[in-house]
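Participant: Take a look at input20.cif, mmCIF, C-alpha atoms:
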data_model
#
loop_
_atom_site.label_atom_id
_atom_site.label_comp_id
_atom_site.auth_asym_id
_atom_site.auth_seq_id
_atom_site.Cartn_x
_atom_site.Cartn_y
_atom_site.Cartn_z
CA MET A 1 6.07 11.39 2.99
CA ASN A 2 5.42 12.27 -0.62
CA GLU A 3 5.18 9.87 -3.56
CA ASP A 4 8.84 10.17 -4.59
CA ALA A 5 10.08 9.79 -1.02
CA LEU A 6 7.98 6.66 -0.56
CA LEU A 7 9.27 5.07 -3.77
CA HIS A 8 12.84 5.94 -2.77
CA TYR A 9 12.26 4.44 0.68
CA LEU A 10 11.09 1.18 -0.90
CA THR A 11 14.04 0.83 -3.26
CA SER A 12 16.67 1.92 -0.74
CA THR A 13 15.35 -0.10 2.21
CA PHE A 14 14.49 -3.45 0.65
CA GLU A 15 16.66 -5.57 -1.65
CA ASP A 16 15.47 -6.64 -5.09
CA VAL A 17 12.45 -4.35 -5.18
CA GLN A 18 11.13 -3.72 -8.67
CA ILE A 19 8.68 -0.93 -9.41
CA GLN A 20 6.53 -1.08 -12.50
CA THR A 21 4.78 2.17 -13.37
CA VAL A 22 1.67 2.07 -15.52
CA GLN A 23 -0.20 5.31 -16.25
CA GLY A 24 1.11 6.97 -13.09
CA ASP A 25 0.34 4.04 -10.77
CA HIS A 26 3.23 2.12 -9.22
CA TYR A 27 3.23 -1.64 -8.62
CA ILE A 28 5.88 -2.80 -6.17
CA PHE A 29 7.24 -6.32 -6.62
CA TYR A 30 9.91 -8.48 -5.09
CA GLN A 31 12.51 -9.32 -7.76
CA THR A 32 11.44 -9.68 -11.36
CA GLU A 33 8.60 -12.12 -10.65
CA ARG A 34 5.58 -9.98 -11.33
CA HIS A 35 2.75 -12.30 -10.42
CA PHE A 36 1.36 -10.07 -7.71
CA PRO A 37 2.72 -6.89 -6.07
CA PHE A 38 3.21 -6.71 -2.33
CA ALA A 39 2.26 -3.02 -2.41
CA THR A 40 0.90 -0.47 -4.85
CA LEU A 41 0.88 3.30 -5.00
CA VAL A 42 -2.04 4.66 -6.99
CA THR A 43 -2.51 8.23 -8.12
CA SER A 44 -5.84 8.34 -9.94
CA ASP A 45 -9.42 7.17 -9.76
CA ALA A 46 -8.91 4.71 -12.66
CA HIS A 47 -9.60 1.66 -10.46
CA ASP A 48 -12.08 3.10 -7.96
CA THR A 49 -13.33 6.54 -7.01
CA VAL A 50 -13.90 6.13 -3.29
CA SER A 51 -10.64 7.89 -2.30
CA ASP A 52 -11.04 10.82 -4.68
CA LEU A 53 -7.45 10.47 -5.86
CA ASN A 54 -7.90 13.04 -8.61
CA ARG A 55 -7.25 15.77 -6.03
CA PRO A 56 -3.88 17.48 -6.59
CA GLY A 57 -1.02 15.77 -4.76
CA ILE A 58 -3.10 12.88 -3.38
CA PHE A 59 -1.99 9.26 -3.65
CA ARG A 60 -2.96 6.02 -1.95
CA LEU A 61 -0.49 3.45 -0.71
CA ASN A 62 -1.91 -0.08 -0.59
CA ILE A 63 -0.19 -2.91 1.27
CA GLY A 64 -0.97 -6.64 1.23
CA LEU A 65 -0.77 -8.22 4.70
CA SER A 66 -1.13 -11.60 6.30
CA ARG A 67 -4.54 -12.44 7.70
CA GLU A 68 -3.11 -12.38 11.22
CA THR A 69 -1.56 -8.94 10.90
CA PHE A 70 -4.62 -7.51 9.20
CA HIS A 71 -6.88 -8.74 12.00
CA SER A 72 -4.48 -7.46 14.65
CA VAL A 73 -4.98 -3.98 13.17
CA PHE A 74 -8.68 -4.22 12.25
CA GLU A 75 -11.46 -6.30 13.79
CA THR A 76 -13.28 -6.75 10.48
CA ASP A 77 -12.30 -6.89 6.81
CA THR A 78 -14.12 -3.68 5.96
CA ASN A 79 -15.24 -0.66 7.88
CA ASP A 80 -17.48 2.30 7.16
CA GLU A 81 -14.49 4.54 6.53
CA ASP A 82 -14.17 7.94 4.95
CA TYR A 83 -11.62 6.87 2.34
CA THR A 84 -10.80 10.48 1.47
CA VAL A 85 -9.07 11.18 4.81
CA LEU A 86 -5.31 11.63 4.66
CA ASP A 87 -2.71 9.91 6.86
CA ARG A 88 -5.01 7.26 8.36
CA LEU A 89 -4.54 3.50 7.97
CA MET A 90 -7.74 1.82 6.78
CA PRO A 91 -8.84 -1.47 5.24
CA HIS A 92 -8.55 -1.17 1.47
CA PRO A 93 -11.92 -0.06 0.02
CA VAL A 94 -12.00 -2.91 -2.52
CA TYR A 95 -9.40 -5.46 -1.35
CA GLY A 96 -9.88 -5.26 2.42
CA LYS A 97 -11.43 -8.73 2.33
CA MET A 98 -8.14 -9.95 0.86
CA HIS A 99 -6.27 -8.37 3.81
CA TRP A 100 -5.01 -5.26 2.07
CA VAL A 101 -4.74 -1.95 3.89
CA CYS A 102 -4.40 1.56 2.54
CA VAL A 103 -3.42 5.05 3.57
CA LEU A 104 -3.70 8.30 1.64
CA ASN A 105 -0.51 10.36 1.79
CA PRO A 106 1.21 8.68 4.77
CA GLY A 107 2.38 11.29 7.26
CA PRO A 108 3.21 11.69 10.95
CA ALA A 109 0.20 9.70 12.18
CA SER A 110 0.84 6.61 10.03
CA VAL A 111 4.37 6.56 8.61
CA GLU A 112 5.98 4.36 11.27
CA THR A 113 3.15 1.83 11.08
CA VAL A 114 3.36 1.95 7.27
CA LYS A 115 7.09 1.16 7.40
CA THR A 116 6.45 -1.83 9.66
CA LEU A 117 3.66 -3.13 7.43
CA LEU A 118 5.76 -2.64 4.28
CA ALA A 119 8.55 -4.67 5.89
CA GLU A 120 6.13 -7.51 6.61
CA ALA A 121 4.65 -7.41 3.11
CA TYR A 122 8.15 -7.43 1.61
CA GLU A 123 9.23 -10.38 3.76
CA ARG A 124 6.13 -12.33 2.75
CA ALA A 125 6.86 -11.65 -0.92
CA ALA A 126 10.53 -12.59 -0.52
CA THR A 127 9.64 -15.81 1.28
CA LYS A 128 7.17 -16.80 -1.44
CA GLY A 129 9.77 -16.00 -4.09
CA SER A 130 12.46 -18.24 -2.61
#
Would you mind writing the file's structure down as structure tokens?
Facilitator:
Amino acid sequence: MNEDALLHYLTSTFEDVQIQTVQGDHYIFYQTERHFPFATLVTSDAHDTVSDLNRPGIFRLNIGLSRETFHSVFETDTNDEDYTVLDRLMPHPVYGKMHWVCVLNPGPASVETVKTLLAEAYERAATKGS
């Protein structure tokens, strides 16, 4: 799934999704309330360098989860991960302690899990917004 396909999936699958793009990074919100995104798609090393996002065609999808879901996927908030590996779900390198996960260039190994986690993150955002 490339960057454009992922953004299209978000806007065509979930109602009232707003995407704000700042310097190539995409912040995905529920409705127009832009207090905190439920997911982000980053394309550069502007915020951290651990994923080496300056490689051509590489992006990182980040998803905010509930504590329960995060801990059902990972035993701890952070792991000793190689954050440059593609298509593998990992705790976020900076925000893992806040129950965010990430994946570089979701593909066959992670895309179905990513879709499930995006649905949960969207529902949490929609519930908070209502």
Participant: Excluding His47 of chain A and any residue of its chain fewer than 3 positions from it, enumerate the residues within 12 Å of it, using only C-alpha atoms, and give them as a VMD selection string.
Facilitator: chain A and resid 23 25 41 to 44 50 to 54 60 93 to 95
Participant: So the first atom is atom CA of Lys97 of chain A and the second is atom CA of His35 of chain A; what is the distance between them in Å, to one decimal place?
Facilitator: 19.4 Å
Participant: Which polymer residues have any atom within 12 Å of an atom of Arg55 of chain A, counting all atoms listed in the file, with same-chain residues fewer than 6 positions away left out, as a list in words?
Facilitator: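 Listed by chain and then number, they are Thr43, Ser44, Asp45, Thr49, Thr84, Val85, Leu86, Leu104 and Asn105 of chain A.
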Participant: Evaluate the PyMOL selection byres ((chain A and resi 118) around 10) on the structure here and hand back the selected residues as a list in words.
Facilitator: Leu10, Phe14, Phe38, Ala39, Asn62, Ile63, Gly64, Leu65, Glu112, Thr113, Val114, Lys115, Thr116, Leu117, Ala119, Glu120, Ala121, Tyr122, Glu123 and Arg124 of chain A
Participant: Between A:Trp100, A:Tyr83, A:His92, A:Asn2, which residue has the minimum interatomic distance to Ser66 of chain A, considering only C-alpha atoms?
Facilitator: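 Residue with the minimum atom-to-atom distance to Ser66 of chain A: A:Trp100.
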Participant: Expressed in Å to a single decimal, how great is the separation between atom CA of Met90 of chain A and atom CA of Val103 of chain A?
Facilitator: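 The value is 6.3 Å.
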Participant: Expanded to explicit residues, what is the PyMOL selection byres ((chain A and resi 74) around 12) for this file, as a VMD selection string?
Facilitator: chain A and resid 65 67 to 73 75 to 79 81 89 to 92 96 to 97 99 to 101
Participant: Which residue, A:Thr40, A:Leu61, A:Asp4, A:Val111, has the smallest gap to Ile19 of chain A when you use only C-alpha atoms?
Facilitator: A:Thr40
Participant: Quick one: pull the distance between atom CA of Arg88 of chain A and atom CA of Thr21 of chain A, Å, one decimal.
Facilitator: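 These atoms are spaced 24.4 Å apart.
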Participant: Which is closer to Tyr30 of chain A than all the others in A:Ala109, A:Asp48, A:Thr11, A:Pro56, using all atoms listed in the file?
Facilitator: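 Closest to Tyr30 of chain A of all the choices is A:Thr11.
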Participant: Point out the residue among A:Ser12, A:Ile58, A:Leu7, A:Ser110 with the least atom-to-atom distance to Tyr27 of chain A, counting only C-alpha atoms.
Facilitator: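 Result for the nearest residue to Tyr27 of chain A: A:Leu7.
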Participant: Considering all atoms listed in the file, can you say which of A:Leu6, A:Met1, A:Ala46, A:Met98 comes closest to Val22 of chain A?
Facilitator: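 The shortest atom-to-atom distance to Val22 of chain A comes from A:Ala46.
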Participant: Hey, what comes out of the PyMOL selection byres ((chain A and resi 32) around 10) on this file? Could you write it as a ChimeraX atom specification?
Facilitator: /A:16-20,29-31,33-35,129
Participant: Which residue, A:Ala125, A:Pro106, A:Phe59, A:Asp87, has the smallest gap to Gly24 of chain A when you use all atoms listed in the file?
Facilitator: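 Closest to Gly24 of chain A, using all atoms listed in the file: A:Phe59.
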Participant: Might I get the box with edges along x, y and z of the file that holds all atoms of segment 95-105 of chain A listed there, padded by 6 Å on every side, given as centre and edge lengths in Å to one decimal, as AutoDock Vina command-line options?
Facilitator:
--center_x -6.0 --center_y 0.2 --center_z 1.3 --size_x 22.9 --size_y 32.3 --size_z 17.2
